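Student: Following this line is structure.pdb, made up of PDB, C-alpha atoms:
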MODEL        1
ATOM      1  CA  MET A  14     194.951 152.856 142.886  1.00  0.00           C
ATOM      2  CA  VAL A  15     191.338 153.702 143.631  1.00  0.00           C
ATOM      3  CA  LYS A  16     188.606 152.584 141.246  1.00  0.00           C
ATOM      4  CA  ILE A  17     185.684 154.622 139.990  1.00  0.00           C
ATOM      5  CA  ARG A  18     182.962 152.935 138.011  1.00  0.00           C
ATOM      6  CA  LEU A  19     180.335 155.008 136.210  1.00  0.00           C
ATOM      7  CA  VAL A  20     177.178 153.042 135.439  1.00  0.00           C
ATOM      8  CA  CYS A  21     174.882 154.847 133.020  1.00  0.00           C
ATOM      9  CA  VAL A  22     171.554 153.941 131.510  1.00  0.00           C
ATOM     10  CA  GLY A  23     171.771 154.568 127.775  1.00  0.00           C
ATOM     11  CA  GLN A  24     174.545 155.833 125.567  1.00  0.00           C
ATOM     12  CA  LEU A  25     175.834 159.294 124.820  1.00  0.00           C
ATOM     13  CA  LYS A  26     174.335 160.725 121.681  1.00  0.00           C
ATOM     14  CA  GLY A  27     176.262 163.392 119.861  1.00  0.00           C
ATOM     15  CA  LYS A  28     179.942 163.597 119.054  1.00  0.00           C
ATOM     16  CA  PHE A  29     180.414 166.715 121.177  1.00  0.00           C
ATOM     17  CA  TRP A  30     179.134 164.958 124.337  1.00  0.00           C
ATOM     18  CA  GLN A  31     181.355 161.955 123.585  1.00  0.00           C
ATOM     19  CA  ALA A  32     184.414 164.156 122.958  1.00  0.00           C
ATOM     20  CA  ALA A  33     183.931 166.028 126.240  1.00  0.00           C
ATOM     21  CA  PHE A  34     183.387 162.799 128.178  1.00  0.00           C
ATOM     22  CA  ASN A  35     186.459 161.170 126.600  1.00  0.00           C
ATOM     23  CA  GLU A  36     188.615 164.144 127.544  1.00  0.00           C
ATOM     24  CA  TYR A  37     187.725 163.858 131.235  1.00  0.00           C
ATOM     25  CA  LYS A  38     187.982 160.062 131.131  1.00  0.00           C
ATOM     26  CA  LYS A  39     191.535 160.445 129.795  1.00  0.00           C
ATOM     27  CA  ARG A  40     192.413 162.995 132.489  1.00  0.00           C
ATOM     28  CA  LEU A  41     191.003 160.765 135.235  1.00  0.00           C
ATOM     29  CA  GLY A  42     193.410 158.000 134.240  1.00  0.00           C
ATOM     30  CA  ALA A  43     196.175 159.831 136.113  1.00  0.00           C
ATOM     31  CA  PHE A  44     194.249 159.562 139.399  1.00  0.00           C
ATOM     32  CA  CYS A  45     192.192 156.388 139.331  1.00  0.00           C
ATOM     33  CA  SER A  46     191.126 153.343 137.457  1.00  0.00           C
ATOM     34  CA  PHE A  47     188.030 154.655 135.660  1.00  0.00           C
ATOM     35  CA  GLU A  48     185.458 152.405 134.037  1.00  0.00           C
ATOM     36  CA  LEU A  49     182.320 153.313 132.109  1.00  0.00           C
ATOM     37  CA  ILE A  50     179.516 150.770 131.980  1.00  0.00           C
ATOM     38  CA  GLU A  51     176.476 151.503 129.847  1.00  0.00           C
ATOM     39  CA  VAL A  52     173.319 149.470 130.269  1.00  0.00           C
ATOM     40  CA  ASP A  53     170.510 149.529 127.755  1.00  0.00           C
ATOM     41  CA  GLU A  54     167.648 151.894 128.340  1.00  0.00           C
ATOM     42  CA  HIS A  55     164.366 150.017 128.587  1.00  0.00           C
ATOM     43  CA  LYS A  56     162.111 150.851 125.655  1.00  0.00           C
ATOM     44  CA  ILE A  57     158.901 152.577 126.665  1.00  0.00           C
ATOM     45  CA  LYS A  58     156.022 153.995 124.631  1.00  0.00           C
ATOM     46  CA  ASN A  59     155.391 157.705 124.243  1.00  0.00           C
ATOM     47  CA  ASP A  60     153.294 159.249 127.019  1.00  0.00           C
ATOM     48  CA  PRO A  61     153.700 156.337 129.480  1.00  0.00           C
ATOM     49  CA  SER A  62     151.677 155.982 132.664  1.00  0.00           C
ATOM     50  CA  SER A  63     153.292 156.237 136.099  1.00  0.00           C
ATOM     51  CA  ALA A  64     153.033 152.461 136.461  1.00  0.00           C
ATOM     52  CA  GLU A  65     154.771 151.905 133.116  1.00  0.00           C
ATOM     53  CA  ILE A  66     157.562 154.287 134.093  1.00  0.00           C
ATOM     54  CA  ALA A  67     158.001 152.514 137.446  1.00  0.00           C
ATOM     55  CA  GLN A  68     158.179 149.132 135.707  1.00  0.00           C
ATOM     56  CA  CYS A  69     160.700 150.511 133.208  1.00  0.00           C
ATOM     57  CA  LEU A  70     162.874 151.891 136.010  1.00  0.00           C
ATOM     58  CA  GLU A  71     162.796 148.560 137.874  1.00  0.00           C
ATOM     59  CA  ARG A  72     163.993 146.723 134.762  1.00  0.00           C
ATOM     60  CA  GLU A  73     166.792 149.245 134.319  1.00  0.00           C
ATOM     61  CA  GLY A  74     167.557 148.874 138.024  1.00  0.00           C
ATOM     62  CA  GLU A  75     168.064 145.133 137.606  1.00  0.00           C
ATOM     63  CA  LYS A  76     170.608 145.826 134.864  1.00  0.00           C
ATOM     64  CA  ILE A  77     172.352 148.389 137.075  1.00  0.00           C
ATOM     65  CA  PHE A  78     172.523 145.986 140.041  1.00  0.00           C
ATOM     66  CA  SER A  79     174.204 143.359 137.845  1.00  0.00           C
ATOM     67  CA  LYS A  80     177.095 145.780 137.237  1.00  0.00           C
ATOM     68  CA  ILE A  81     177.811 146.856 140.829  1.00  0.00           C
ATOM     69  CA  PRO A  82     180.071 144.719 143.027  1.00  0.00           C
ATOM     70  CA  GLY A  83     178.928 144.278 146.613  1.00  0.00           C
ATOM     71  CA  LYS A  84     182.027 145.955 148.039  1.00  0.00           C
ATOM     72  CA  SER A  85     181.513 149.146 146.048  1.00  0.00           C
ATOM     73  CA  TYR A  86     180.339 152.385 147.662  1.00  0.00           C
ATOM     74  CA  VAL A  87     177.347 153.481 145.588  1.00  0.00           C
ATOM     75  CA  ILE A  88     176.473 157.067 144.752  1.00  0.00           C
ATOM     76  CA  ALA A  89     173.208 157.504 142.846  1.00  0.00           C
ATOM     77  CA  LEU A  90     172.499 160.751 141.037  1.00  0.00           C
ATOM     78  CA  CYS A  91     168.948 161.950 141.576  1.00  0.00           C
ATOM     79  CA  ILE A  92     167.151 165.237 142.034  1.00  0.00           C
ATOM     80  CA  GLU A  93     166.243 164.526 145.641  1.00  0.00           C
ATOM     81  CA  GLY A  94     169.874 163.891 146.565  1.00  0.00           C
ATOM     82  CA  ASP A  95     172.194 166.183 148.479  1.00  0.00           C
ATOM     83  CA  GLY A  96     173.779 169.027 146.568  1.00  0.00           C
ATOM     84  CA  LEU A  97     177.467 169.400 147.376  1.00  0.00           C
ATOM     85  CA  SER A  98     179.925 172.116 146.489  1.00  0.00           C
ATOM     86  CA  SER A  99     183.009 170.937 144.617  1.00  0.00           C
ATOM     87  CA  PRO A 100     185.188 171.069 147.773  1.00  0.00           C
ATOM     88  CA  ARG A 101     182.580 169.130 149.774  1.00  0.00           C
ATOM     89  CA  PHE A 102     182.284 166.539 147.000  1.00  0.00           C
ATOM     90  CA  ALA A 103     186.078 166.143 147.012  1.00  0.00           C
ATOM     91  CA  LYS A 104     186.055 165.713 150.792  1.00  0.00           C
ATOM     92  CA  HIS A 105     183.265 163.130 150.516  1.00  0.00           C
ATOM     93  CA  LEU A 106     185.219 161.085 147.961  1.00  0.00           C
ATOM     94  CA  GLU A 107     188.401 161.376 149.998  1.00  0.00           C
ATOM     95  CA  ASN A 108     186.570 160.130 153.094  1.00  0.00           C
ATOM     96  CA  ILE A 109     185.221 157.126 151.186  1.00  0.00           C
ATOM     97  CA  PHE A 110     188.653 156.215 149.821  1.00  0.00           C
ATOM     98  CA  THR A 111     190.361 156.720 153.178  1.00  0.00           C
ATOM     99  CA  ASN A 112     187.854 155.223 155.591  1.00  0.00           C
ATOM    100  CA  GLN A 113     185.580 152.875 153.675  1.00  0.00           C
ATOM    101  CA  THR A 114     186.647 151.418 150.344  1.00  0.00           C
ATOM    102  CA  GLY A 115     188.828 152.112 147.347  1.00  0.00           C
ATOM    103  CA  GLU A 116     185.974 151.497 144.950  1.00  0.00           C
ATOM    104  CA  ILE A 117     183.070 153.792 144.108  1.00  0.00           C
ATOM    105  CA  SER A 118     180.213 153.177 141.689  1.00  0.00           C
ATOM    106  CA  LEU A 119     178.316 156.236 140.510  1.00  0.00           C
ATOM    107  CA  ILE A 120     174.952 155.712 138.833  1.00  0.00           C
ATOM    108  CA  ILE A 121     173.205 157.903 136.285  1.00  0.00           C
ATOM    109  CA  GLY A 122     169.739 156.687 135.359  1.00  0.00           C
ATOM    110  CA  SER A 123     167.630 157.314 132.302  1.00  0.00           C
ATOM    111  CA  SER A 124     165.705 160.503 131.612  1.00  0.00           C
ATOM    112  CA  PHE A 125     162.964 159.082 133.860  1.00  0.00           C
ATOM    113  CA  GLY A 126     165.445 158.770 136.732  1.00  0.00           C
ATOM    114  CA  LEU A 127     166.196 155.739 138.882  1.00  0.00           C
ATOM    115  CA  ALA A 128     164.089 153.029 140.469  1.00  0.00           C
ATOM    116  CA  GLN A 129     163.448 153.415 144.173  1.00  0.00           C
ATOM    117  CA  SER A 130     165.270 150.109 144.717  1.00  0.00           C
ATOM    118  CA  VAL A 131     168.443 151.639 143.236  1.00  0.00           C
ATOM    119  CA  LYS A 132     168.115 154.705 145.463  1.00  0.00           C
ATOM    120  CA  ASP A 133     167.561 152.454 148.477  1.00  0.00           C
ATOM    121  CA  ARG A 134     170.743 150.484 147.650  1.00  0.00           C
ATOM    122  CA  ALA A 135     172.815 153.641 147.280  1.00  0.00           C
ATOM    123  CA  ASP A 136     175.089 154.692 150.096  1.00  0.00           C
ATOM    124  CA  PHE A 137     174.668 158.330 149.081  1.00  0.00           C
ATOM    125  CA  LEU A 138     172.223 160.263 146.897  1.00  0.00           C
ATOM    126  CA  LEU A 139     173.803 163.136 144.987  1.00  0.00           C
ATOM    127  CA  SER A 140     172.076 165.979 143.192  1.00  0.00           C
ATOM    128  CA  MET A 141     174.110 167.767 140.536  1.00  0.00           C
ATOM    129  CA  SER A 142     172.040 170.926 140.859  1.00  0.00           C
ATOM    130  CA  SER A 143     168.561 172.213 141.522  1.00  0.00           C
ATOM    131  CA  MET A 144     168.619 173.389 137.898  1.00  0.00           C
ATOM    132  CA  THR A 145     167.554 171.169 135.015  1.00  0.00           C
ATOM    133  CA  PHE A 146     170.189 170.104 132.486  1.00  0.00           C
ATOM    134  CA  PRO A 147     170.092 167.832 129.442  1.00  0.00           C
ATOM    135  CA  HIS A 148     170.391 164.209 130.506  1.00  0.00           C
ATOM    136  CA  GLN A 149     173.422 163.711 128.257  1.00  0.00           C
ATOM    137  CA  LEU A 150     175.240 166.579 129.962  1.00  0.00           C
ATOM    138  CA  ALA A 151     175.028 164.909 133.388  1.00  0.00           C
ATOM    139  CA  ARG A 152     177.686 162.370 132.450  1.00  0.00           C
ATOM    140  CA  VAL A 153     180.102 165.053 131.282  1.00  0.00           C
ATOM    141  CA  MET A 154     179.422 167.262 134.318  1.00  0.00           C
ATOM    142  CA  LEU A 155     179.919 164.378 136.735  1.00  0.00           C
ATOM    143  CA  CYS A 156     183.235 163.365 135.164  1.00  0.00           C
ATOM    144  CA  GLU A 157     184.439 166.956 135.300  1.00  0.00           C
ATOM    145  CA  GLN A 158     183.500 167.154 138.985  1.00  0.00           C
ATOM    146  CA  ILE A 159     185.301 163.878 139.743  1.00  0.00           C
ATOM    147  CA  TYR A 160     188.372 165.231 137.953  1.00  0.00           C
ATOM    148  CA  ARG A 161     188.041 168.505 139.880  1.00  0.00           C
ATOM    149  CA  ALA A 162     187.722 166.537 143.138  1.00  0.00           C
ATOM    150  CA  PHE A 163     191.033 164.797 142.512  1.00  0.00           C
ATOM    151  CA  GLY A 164     192.555 168.200 141.783  1.00  0.00           C
ATOM    152  CA  ILE A 165     191.217 169.537 145.066  1.00  0.00           C
ATOM    153  CA  MET A 166     192.508 166.499 146.956  1.00  0.00           C
ATOM    154  CA  GLY A 167     195.920 166.990 145.356  1.00  0.00           C
ATOM    155  CA  ASP A 168     195.870 170.757 145.850  1.00  0.00           C
ATOM    156  CA  SER A 169     196.267 171.440 142.128  1.00  0.00           C
ATOM    157  CA  LYS A 170     195.607 174.760 140.439  1.00  0.00           C
ATOM    158  CA  TYR A 171     192.706 173.344 138.380  1.00  0.00           C
ATOM    159  CA  HIS A 172     190.220 174.286 141.094  1.00  0.00           C
ATOM    160  CA  LYS A 173     190.563 177.970 141.823  1.00  0.00           C
TER     161      LYS A 173
ENDMDL
END
As structure tokens - that is how I would like this structure written.
Tutor:
Amino acid sequence: MVKIRLVCVGQLKGKFWQAAFNEYKKRLGAFCSFELIEVDEHKIKNDPSSAEIAQCLEREGEKIFSKIPGKSYVIALCIEGDGLSSPRFAKHLENIFTNQTGEISLIIGSSFGLAQSVKDRADFLLSMSSMTFPHQLARVMLCEQIYRAFGIMGDSKYHK
């Protein structure tokens, strides 16, 4: 069975976000071994400088790196990443599982994003959309898209 690891900076706040995430996590269990790893968000003062943000992101990056095995294919979510349609995302995952490895780590950073070192380590940079969404929603949206991808790979009726 393939393994998908979701590494997130911070925790979900709000019962509705948690309920939605848990629903897709449960559904994913039929297709893969799914693991959520949350690392602590580095505390930063209000109105930080660019240098303080960069330092914060590097500290979070160190925590992220400690949770990713070397053999894992890494997909980092960031605004400068490639936007993929659901079918193209499914094809990308299928290609990874078929031709590269059975283990993928997806990374969602804090509201400030990800350190450049994390982006440099990633095998693929993914953008969820050119639109702006609440940071908490990204986790739910990503899990839904992973679930949809498995449906597309299995030719289910979920993706119409």
Student: For this structure, which residues satisfy the selection - the PyMOL selection byres ((chain A and resi 23) around 9) - when it is evaluated on the file as given? I want them as a PDB file with C-alpha atoms, in the frame of the given file.
Tutor:
ATOM      1  CA  CYS A  21     174.882 154.847 133.020  1.00  0.00           C
ATOM      2  CA  VAL A  22     171.554 153.941 131.510  1.00  0.00           C
ATOM      3  CA  GLN A  24     174.545 155.833 125.567  1.00  0.00           C
ATOM      4  CA  LEU A  25     175.834 159.294 124.820  1.00  0.00           C
ATOM      5  CA  GLU A  51     176.476 151.503 129.847  1.00  0.00           C
ATOM      6  CA  VAL A  52     173.319 149.470 130.269  1.00  0.00           C
ATOM      7  CA  ASP A  53     170.510 149.529 127.755  1.00  0.00           C
ATOM      8  CA  GLU A  54     167.648 151.894 128.340  1.00  0.00           C
ATOM      9  CA  HIS A  55     164.366 150.017 128.587  1.00  0.00           C
ATOM     10  CA  GLY A 122     169.739 156.687 135.359  1.00  0.00           C
ATOM     11  CA  SER A 123     167.630 157.314 132.302  1.00  0.00           C
TER      12      SER A 123
END
Student: Which residues match the PyMOL selection byres ((chain A and resi 46) around 10) in the file above, as a VMD selection string?
Tutor: chain A and resid 14 to 18 38 41 to 45 47 to 48 116
Student: Nearest to Asn35 in chain A among A:Val153, A:Ala162, A:Ile92, A:Ala67, with distances taken over all atoms listed in the file: which residue is it?
Tutor: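 Smallest distance to Asn35 in chain A is found for A:Val153.
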Student: Could you pull the residues within 6 Å of range 94-106 of chain A, counting all atoms listed in the file, minus those fewer than 5 positions along the same chain, as a list of chain:residue names?
Tutor: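 Contacts, with the query itself left out: A:Leu138, A:Leu139, A:Ser140, A:Ala162.
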Student: Put the listed atoms of range 52-70 of chain A in a box along x, y and z with 5 Å added on every side and give me the centre and edge lengths in Å to one decimal, as JSON.
Tutor:
{"center_x": 162.5, "center_y": 154.2, "center_z": 130.8, "size_x": 31.6, "size_y": 20.1, "size_z": 23.2}
Student: Tell me which protein, DNA and RNA residues are within 9 Å of Tyr86 in chain A, counting all atoms listed in the file, leaving out same-chain ones fewer than 5 positions away, and put them as a VMD selection string.
Tutor: chain A and resid 109 113 to 119 135 to 137
Student: With the file shown as input, list the residues that the PyMOL selection byres ((chain A and resi 130) around 10) selects, as an mmCIF file with C-alpha atoms, in the frame of the given file.
Tutor:
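Result written to expr27.cif:
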data_model
loop_
_atom_site.group_PDB
_atom_site.id
_atom_site.type_symbol
_atom_site.label_atom_id
_atom_site.label_comp_id
_atom_site.auth_asym_id
_atom_site.auth_seq_id
_atom_site.Cartn_x
_atom_site.Cartn_y
_atom_site.Cartn_z
ATOM 1 C CA LEU A 70 162.874 151.891 136.010
ATOM 2 C CA GLU A 71 162.796 148.560 137.874
ATOM 3 C CA GLY A 74 167.557 148.874 138.024
ATOM 4 C CA GLU A 75 168.064 145.133 137.606
ATOM 5 C CA PHE A 78 172.523 145.986 140.041
ATOM 6 C CA LEU A 127 166.196 155.739 138.882
ATOM 7 C CA ALA A 128 164.089 153.029 140.469
ATOM 8 C CA GLN A 129 163.448 153.415 144.173
ATOM 9 C CA VAL A 131 168.443 151.639 143.236
ATOM 10 C CA LYS A 132 168.115 154.705 145.463
ATOM 11 C CA ASP A 133 167.561 152.454 148.477
ATOM 12 C CA ARG A 134 170.743 150.484 147.650
ATOM 13 C CA ALA A 135 172.815 153.641 147.280
#
Student: In Å, with one decimal, what is the gap from CA of Ala32 in chain A to CA of Lys170 in chain A?
Tutor: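 Calculated distance between CA of Ala32 in chain A and CA of Lys170 in chain A is 23.3 Å.
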Student: So the first atom is CA of Arg40 in chain A and the second is CA of Ser169 in chain A; what is the distance between them in Å, to one decimal place?
Tutor: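 Distance reported for this atom pair: 13.4 Å.
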Student: Give me the residues near Thr145 in chain A as a list in words, where near means some atom within 12 Å (using all atoms listed in the file) and where sequence neighbours in that chain fewer than 6 positions away do not count.
Tutor: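 Counting all atoms listed in the file, the residues come to Cys91, Ile92, Ser124 and Ala151 of chain A.
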Student: Distance CA of Lys80 in chain A-CA of Ile50 in chain A, one decimal place?
Tutor: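 Atom-to-atom, CA of Lys80 in chain A and CA of Ile50 in chain A are spaced 7.6 Å apart.
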Student: Considering only C-alpha atoms, state which residue in the set A:Leu150, A:Val87, A:Ile66, A:Ile165 is at the smallest distance from Gly27 in chain A.
Tutor: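 Between A:Leu150, A:Val87, A:Ile66, A:Ile165, the residue approaching Gly27 in chain A most closely is A:Leu150.
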